[in-house]
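What's in coords_8.tsv: TSV, C-alpha atoms
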```
chain	number	residue	atom	x	y	z
A	165	MET	CA	114.22	84.59	87.85
A	166	ARG	CA	113.40	82.25	90.73
A	167	THR	CA	116.77	80.49	90.30
A	168	ALA	CA	118.51	83.86	90.40
A	169	LEU	CA	116.65	84.70	93.61
A	170	PHE	CA	117.80	81.49	95.29
A	171	VAL	CA	121.39	82.20	94.18
A	172	LEU	CA	121.11	85.67	95.70
A	173	LEU	CA	119.90	84.25	99.01
A	174	SER	CA	122.73	81.71	99.02
A	175	VAL	CA	125.30	84.42	98.47
A	176	LEU	CA	123.83	86.57	101.21
A	177	GLY	CA	123.70	83.59	103.54
A	178	ALA	CA	127.34	82.72	102.85
A	179	ALA	CA	128.36	86.28	103.75
A	180	GLU	CA	126.11	86.50	106.80
A	181	PRO	CA	127.64	88.69	109.52
A	182	PRO	CA	128.01	87.00	112.95
A	183	ASP	CA	125.91	89.68	114.67
A	184	PRO	CA	123.62	91.33	112.11
A	185	ARG	CA	122.21	94.74	112.89
A	186	PHE	CA	118.73	93.40	112.10
A	187	ARG	CA	117.03	90.94	109.78
A	188	ALA	CA	114.24	91.83	107.34
A	189	LEU	CA	111.86	89.64	105.36
A	190	VAL	CA	111.19	91.12	101.91
A	191	LEU	CA	108.00	90.19	100.05
A	192	ALA	CA	109.13	90.93	96.51
A	193	GLU	CA	106.54	91.30	93.76
A	194	LYS	CA	108.34	90.08	90.65
A	195	ALA	CA	105.40	90.23	88.26
A	196	LYS	CA	104.99	92.93	85.63
A	197	PRO	CA	104.56	95.88	85.59
A	198	HIS	CA	106.63	96.26	88.76
A	199	THR	CA	109.48	93.89	87.88
A	200	ALA	CA	111.96	96.63	86.98
A	201	PHE	CA	111.36	98.63	90.18
A	202	VAL	CA	111.56	95.58	92.43
A	203	GLU	CA	114.76	94.30	90.82
A	204	ARG	CA	116.44	97.73	90.95
A	205	ALA	CA	115.29	98.36	94.51
A	206	SER	CA	116.45	94.89	95.57
A	207	THR	CA	119.94	95.54	94.19
A	208	TRP	CA	120.11	98.86	96.04
A	209	LEU	CA	118.85	97.26	99.27
A	210	ASP	CA	121.32	94.39	99.00
A	211	ASP	CA	124.26	96.76	98.50
A	212	TRP	CA	123.18	98.83	101.49
A	213	ALA	CA	122.64	95.73	103.66
A	214	ARG	CA	126.14	94.44	102.93
A	215	ARG	CA	127.67	97.80	103.81
A	216	ASP	CA	125.64	98.31	106.98
A	217	GLY	CA	125.58	94.77	108.36
A	218	PHE	CA	121.92	93.78	108.22
A	219	LEU	CA	120.27	90.85	106.46
A	220	LEU	CA	117.52	90.57	103.86
A	221	ASP	CA	115.68	87.37	103.01
A	222	TYR	CA	113.41	87.44	99.94
A	223	VAL	CA	110.20	85.52	99.24
A	224	GLU	CA	107.88	85.78	96.25
A	225	ASN	CA	104.75	84.37	97.90
A	226	THR	CA	103.40	83.95	101.43
A	227	ALA	CA	103.37	80.14	101.53
A	228	THR	CA	106.16	79.94	104.15
A	229	ILE	CA	105.00	82.83	106.32
A	230	ASP	CA	103.67	81.97	109.76
A	231	GLU	CA	104.31	83.11	113.33
A	232	ALA	CA	107.41	80.93	113.68
A	233	LEU	CA	108.99	82.44	110.58
A	234	LEU	CA	108.20	86.04	111.54
A	235	ARG	CA	109.87	85.57	114.93
A	236	LYS	CA	113.19	85.62	113.03
A	237	TYR	CA	112.65	89.14	111.69
A	238	GLN	CA	112.60	92.65	113.10
A	239	LEU	CA	111.07	94.04	109.91
A	240	VAL	CA	108.82	93.06	107.00
A	241	ILE	CA	109.26	94.98	103.74
A	242	GLN	CA	106.33	94.71	101.36
A	243	LEU	CA	108.21	95.57	98.16
A	244	ASN	CA	105.18	96.30	95.98
A	245	TYR	CA	103.70	92.98	97.07
A	246	PRO	CA	99.89	93.29	97.18
A	247	PRO	CA	97.81	92.46	100.28
A	248	TYR	CA	95.83	89.65	98.69
A	249	ALA	CA	96.28	85.98	97.80
A	250	TRP	CA	98.02	85.56	101.16
A	251	THR	CA	97.54	82.26	102.95
A	252	PRO	CA	95.30	82.36	106.04
A	253	ALA	CA	98.33	81.49	108.20
A	254	ALA	CA	100.31	84.38	106.74
A	255	GLN	CA	97.46	86.84	107.29
A	256	SER	CA	97.00	85.77	110.90
A	257	ALA	CA	100.73	85.85	111.64
A	258	PHE	CA	101.21	89.27	110.08
A	259	GLU	CA	98.26	90.77	111.95
A	260	ALA	CA	99.68	89.59	115.29
A	261	TYR	CA	103.18	90.72	114.30
A	262	ILE	CA	102.03	94.32	113.75
A	263	GLN	CA	99.29	94.54	116.37
A	264	GLU	CA	101.52	93.23	119.15
A	265	GLY	CA	104.61	95.16	118.06
A	266	ARG	CA	106.73	92.10	117.35
A	267	GLY	CA	108.37	93.95	114.46
A	268	GLY	CA	107.99	96.76	111.97
A	269	TRP	CA	106.75	97.15	108.41
A	270	VAL	CA	107.51	99.26	105.34
A	271	GLY	CA	105.15	98.94	102.37
A	272	PHE	CA	105.47	100.34	98.88
A	273	HIS	CA	103.08	101.33	96.10
A	274	HIS	CA	101.06	98.17	95.33
A	275	ALA	CA	100.52	97.54	99.06
A	276	THR	CA	97.33	99.66	98.95
A	277	LEU	CA	95.70	97.63	96.16
A	278	LEU	CA	93.50	95.73	98.57
A	279	GLY	CA	92.33	92.95	96.28
A	280	GLU	CA	89.08	94.11	94.76
A	281	PHE	CA	91.02	95.74	91.91
A	282	ASP	CA	92.21	92.28	90.82
A	283	GLY	CA	89.10	90.30	91.72
A	284	TYR	CA	90.15	89.16	95.21
A	285	PRO	CA	88.14	89.65	98.40
A	286	LEU	CA	89.04	92.55	100.66
A	287	TRP	CA	91.27	91.76	103.65
A	288	PRO	CA	89.38	93.85	106.27
A	289	TRP	CA	92.28	94.06	108.72
A	290	PHE	CA	94.65	95.38	106.05
A	291	TRP	CA	92.02	97.86	104.88
A	292	ASP	CA	91.93	99.26	108.41
A	293	PHE	CA	95.75	99.16	108.63
A	294	MET	CA	96.01	101.33	105.51
A	295	GLY	CA	93.67	103.95	106.90
A	296	GLN	CA	90.33	102.55	105.66
A	297	ILE	CA	90.84	103.47	102.01
A	298	ARG	CA	90.01	101.72	98.77
A	299	TRP	CA	91.78	102.22	95.46
A	300	LYS	CA	89.72	104.33	93.06
A	301	ASP	CA	91.78	105.45	90.02
A	302	TYR	CA	95.28	106.22	88.79
A	303	ILE	CA	97.14	108.25	86.18
A	304	ALA	CA	97.81	105.47	83.69
A	305	THR	CA	99.88	107.72	81.43
A	306	PHE	CA	102.06	108.81	84.40
A	307	ALA	CA	102.96	112.30	85.60
A	308	ALA	CA	105.80	114.11	87.29
A	309	ALA	CA	104.87	115.88	90.52
A	310	ARG	CA	106.12	117.64	93.63
A	311	VAL	CA	105.98	115.78	96.94
A	312	ARG	CA	105.51	118.01	99.99
A	313	VAL	CA	106.95	116.85	103.31
A	314	GLU	CA	104.35	118.04	105.80
A	315	ASP	CA	105.54	116.36	109.02
A	316	ARG	CA	109.16	117.34	109.50
A	317	LYS	CA	109.42	116.06	113.10
A	318	HIS	CA	109.15	112.36	112.28
A	319	PRO	CA	112.35	110.28	111.92
A	320	VAL	CA	111.17	109.04	108.51
A	321	THR	CA	111.44	112.57	107.08
A	322	LYS	CA	114.86	113.32	108.59
A	323	SER	CA	117.13	115.31	106.23
A	324	LEU	CA	114.48	115.62	103.54
A	325	PRO	CA	113.82	119.02	101.94
A	326	GLU	CA	110.42	120.65	102.29
A	327	THR	CA	109.58	119.41	98.78
A	328	PHE	CA	111.15	117.04	96.28
A	329	GLU	CA	110.39	116.06	92.72
A	330	VAL	CA	109.26	112.67	91.43
A	331	GLU	CA	109.69	112.47	87.68
A	332	LYS	CA	107.34	109.61	86.85
A	333	GLU	CA	104.55	107.99	88.85
A	334	GLU	CA	100.99	106.69	88.51
A	335	TRP	CA	99.60	108.64	91.51
A	336	TYR	CA	96.80	106.40	92.76
A	337	THR	CA	93.66	108.02	94.07
A	338	TYR	CA	91.43	106.48	96.75
A	339	ASP	CA	87.80	106.71	97.73
A	340	ARG	CA	88.81	108.94	100.65
A	341	SER	CA	91.88	110.40	102.29
A	342	PRO	CA	93.43	108.16	104.97
A	343	ARG	CA	94.27	111.25	107.04
A	344	PRO	CA	91.58	110.81	109.75
A	345	ASN	CA	93.00	107.37	110.56
A	346	VAL	CA	96.77	107.78	110.10
A	347	ARG	CA	99.62	110.23	110.66
A	348	VAL	CA	100.43	111.74	107.26
A	349	LEU	CA	104.11	112.48	106.64
A	350	ALA	CA	103.97	113.69	103.04
A	351	ASN	CA	101.48	114.50	100.30
A	352	VAL	CA	101.58	115.11	96.57
A	353	ASP	CA	100.88	118.58	95.21
A	354	GLU	CA	98.30	117.76	92.55
A	355	SER	CA	98.66	121.25	91.04
A	356	SER	CA	102.24	120.32	90.09
A	357	TYR	CA	101.29	117.37	87.85
A	358	ARG	CA	103.19	117.44	84.56
A	359	PRO	CA	101.34	116.91	82.32
A	360	GLU	CA	98.16	118.15	83.98
A	361	SER	CA	95.66	115.43	84.90
A	362	PRO	CA	91.99	115.55	85.94
A	363	ILE	CA	92.55	112.45	88.12
A	364	LYS	CA	92.80	114.07	91.55
A	365	MET	CA	91.51	113.56	95.07
A	366	GLY	CA	92.19	116.92	96.79
A	367	ASP	CA	93.91	115.97	100.06
A	368	HIS	CA	96.33	113.40	98.66
A	369	PRO	CA	98.69	111.76	101.22
A	370	VAL	CA	101.49	109.61	99.79
A	371	VAL	CA	103.53	108.71	102.90
A	372	TRP	CA	101.94	107.83	106.23
A	373	THR	CA	102.11	105.74	109.39
A	374	ASN	CA	99.30	104.13	111.40
A	375	GLU	CA	100.08	104.92	115.03
A	376	ARG	CA	97.12	102.96	116.41
A	377	LEU	CA	99.17	99.76	116.10
A	378	LYS	CA	102.21	98.82	118.19
A	379	GLY	CA	104.43	97.78	115.30
A	380	ARG	CA	106.22	100.71	113.65
A	381	ASN	CA	104.91	101.02	110.11
A	382	VAL	CA	105.31	103.28	107.08
A	383	TYR	CA	103.54	103.23	103.73
A	384	ILE	CA	105.33	104.90	100.80
A	385	PHE	CA	103.14	105.24	97.76
A	386	MET	CA	105.89	106.01	95.23
A	387	GLY	CA	107.34	102.80	93.81
A	388	HIS	CA	106.33	102.04	90.25
A	389	GLY	CA	109.48	102.62	88.20
A	390	PRO	CA	113.21	101.91	88.66
A	391	GLU	CA	114.16	105.54	88.03
A	392	LEU	CA	113.08	106.31	91.60
A	393	ILE	CA	116.22	104.60	92.93
A	394	ALA	CA	118.31	107.30	91.22
A	395	ASN	CA	116.44	109.99	93.17
A	396	PRO	CA	118.48	110.78	96.33
A	397	ASP	CA	115.49	112.26	98.17
A	398	TYR	CA	113.50	109.10	97.54
A	399	THR	CA	116.30	106.80	98.72
A	400	THR	CA	116.76	108.98	101.83
A	401	LEU	CA	113.06	108.53	102.57
A	402	VAL	CA	113.30	104.76	102.07
A	403	ARG	CA	116.45	104.45	104.18
A	404	ASN	CA	114.91	106.46	107.01
A	405	ALA	CA	111.70	104.42	106.88
A	406	ILE	CA	113.48	101.07	107.02
A	407	LEU	CA	115.78	102.02	109.90
A	408	TRP	CA	112.96	103.58	111.92
A	409	ALA	CA	110.54	100.70	111.35
A	410	ALA	CA	113.27	98.21	112.31
A	411	GLY	CA	113.84	100.10	115.58
A	412	GLN	CA	117.28	101.32	114.53
A	413	GLU	CA	119.00	104.67	114.89
A	414	GLU	CA	120.65	106.22	111.84
A	415	ARG	CA	124.44	105.87	111.93
```

Encoded form (structure tokens):
Amino acid sequence: MRTALFVLLSVLGAAEPPDPRFRALVLAEKAKPHTAFVERASTWLDDWARRDGFLLDYVENTATIDEALLRKYQLVIQLNYPPYAWTPAAQSAFEAYIQEGRGGWVGFHHATLLGEFDGYPLWPWFWDFMGQIRWKDYIATFAAARVRVEDRKHPVTKSLPETFEVEKEEWYTYDRSPRPNVRVLANVDESSYRPESPIKMGDHPVVWTNERLKGRNVYIFMGHGPELIANPDYTTLVRNAILWAAGQEER
């Protein structure tokens, strides 16, 4: 898998446009159970990048991340990569990158597992970045559900319907809603779970942005299974989020 990743980067580098629209660093979590989503999403992102003239560079750990590296990128995509086991240099560089508005960020799914779930210490800055929430539970057997777009004025929700269906997801719950600390763009209608589940949190945001920081940022909870990439509403959401966070206008 690592060899294949290096081959992919070589191919992308060989086809590098002379004046790329923007460059993004993708932290790709290749470990199970998210391998299938990350690989399918990476293929979709690569195809889009080639068509639209931007560049993606993939890493599978944070060993090379520091301030010098991040200066090359207008965007960091945390493709299910968790916010723990980062090197101290990577943590410090990323904090400055977002706090000072040096670039944007889009995080998916596993980006709210703050470490304690897997026996790592909490990264306090990232906890605050995510709206001061801690993971509490999840629907391990999965459920379909309706996502409600509640903020229709934000560029990330452009062209989305008022609601859209997600056919399979784990639907994490947290110890509290992030709403007091973030701008919520969408929530999940827990009454629409199929099959019904008792694992609920009431106010249940699933897409949000933290406007207290200078760097444009979006967290998208949905991101467990590869079937999401076949959902046109989901890919519209992801496309909007990436372009907005990178400081780009939709073409």

Please return the centre and edge lengths, in Å to one decimal, of a box with edges along x, y and z that contains all listed atoms of segment 277-291 of chain A, widened by 3 Å on every side, as JSON.
```
{"center_x": 91.9, "center_y": 93.5, "center_z": 99.8, "size_x": 13.6, "size_y": 14.7, "size_z": 23.9}
```

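Excluding segment 325-334 of chain A and any residue on its chain fewer than 6 positions from it, the residues at most 7 Å away by all atoms listed in the file are Tyr302, Ile303, Ala304, Phe306, Ala307, Ala308, Ala309, Arg310, Val311, Arg312, Val313, Met386, His388 and Asp397 of chain A.
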
Spatial neighbours of segment 368-383 of chain A, max dist 6 Å, only C-alpha atoms, sep filter under 5 positions, as a short mmCIF file (atom, residue, chain, number, x, y, z; two decimals) with C-alpha atoms, keeping the file's coordinate frame:
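Output file selection.cif follows:
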```cif
data_model
loop_
_atom_site.label_atom_id
_atom_site.label_comp_id
_atom_site.auth_asym_id
_atom_site.auth_seq_id
_atom_site.Cartn_x
_atom_site.Cartn_y
_atom_site.Cartn_z
CA ILE A 262 102.03 94.32 113.75
CA GLN A 263 99.29 94.54 116.37
CA GLU A 264 101.52 93.23 119.15
CA GLY A 265 104.61 95.16 118.06
CA GLY A 267 108.37 93.95 114.46
CA GLY A 268 107.99 96.76 111.97
CA TRP A 269 106.75 97.15 108.41
CA VAL A 270 107.51 99.26 105.34
CA GLY A 271 105.15 98.94 102.37
CA PHE A 272 105.47 100.34 98.88
CA VAL A 346 96.77 107.78 110.10
CA ARG A 347 99.62 110.23 110.66
CA VAL A 348 100.43 111.74 107.26
CA LEU A 349 104.11 112.48 106.64
CA ALA A 350 103.97 113.69 103.04
CA ASN A 351 101.48 114.50 100.30
CA VAL A 352 101.58 115.11 96.57
CA ALA A 409 110.54 100.70 111.35
#
```

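Here atom CA of Val402 of chain A is placed at a distance of 26.6 Å from atom CA of Pro288 of chain A.
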
**Prompt:** Of the candidates A:Ala192, A:Thr199, A:Arg204, A:Ile363, which one gets nearest to Val223 of chain A if we count all atoms listed in the file?
**Reply:** A:Ala192

**Message:** Report, in Å with one decimal, the straight-line distance from atom CA of Thr207 of chain A to atom CA of Phe293 of chain A.
**Reply:** 28.4 Å

**Request:** Show which residues sit within 7 Å of Glu193 of chain A, as JSON, numbers by chain. Count all atoms listed in the file, and ignore same-chain residues fewer than 6 positions away.
**Result:** {"A": [202, 224, 243, 244, 245]}

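Of note, atom CA of Thr321 of chain A and atom CA of Tyr398 of chain A are spaced 10.4 Å apart.
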
**Request:** Find the residues near Ile229 of chain A: any atom within 6 Å, counting only C-alpha atoms, skip ones fewer than 3 places away on the same chain, and give them as an MDAnalysis selection string.
**Result:** chainID A and resid 226 233 254

**Request:** Could you check which of A:Leu219, A:Leu209, A:Ala200, A:Asn225 is closest to Asp183 of chain A, using all atoms listed in the file?
**Result:** A:Leu219

**Message:** Give me, as a PyMOL selection string, all polymer residues having an atom no more than 10 Å from Ala188 of chain A, counting only C-alpha atoms and skipping those fewer than 3 positions away in the same chain.
**Reply:** chain A and resi 191+213+218-222+234+236-241+267-269+406+410

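Comparing the minimum interatomic distances between Pro246 of chain A and each of A:Gly279, A:Ala260, A:Asp230, A:Leu189, counting all atoms listed in the file, we find that A:Gly279 sits nearest.
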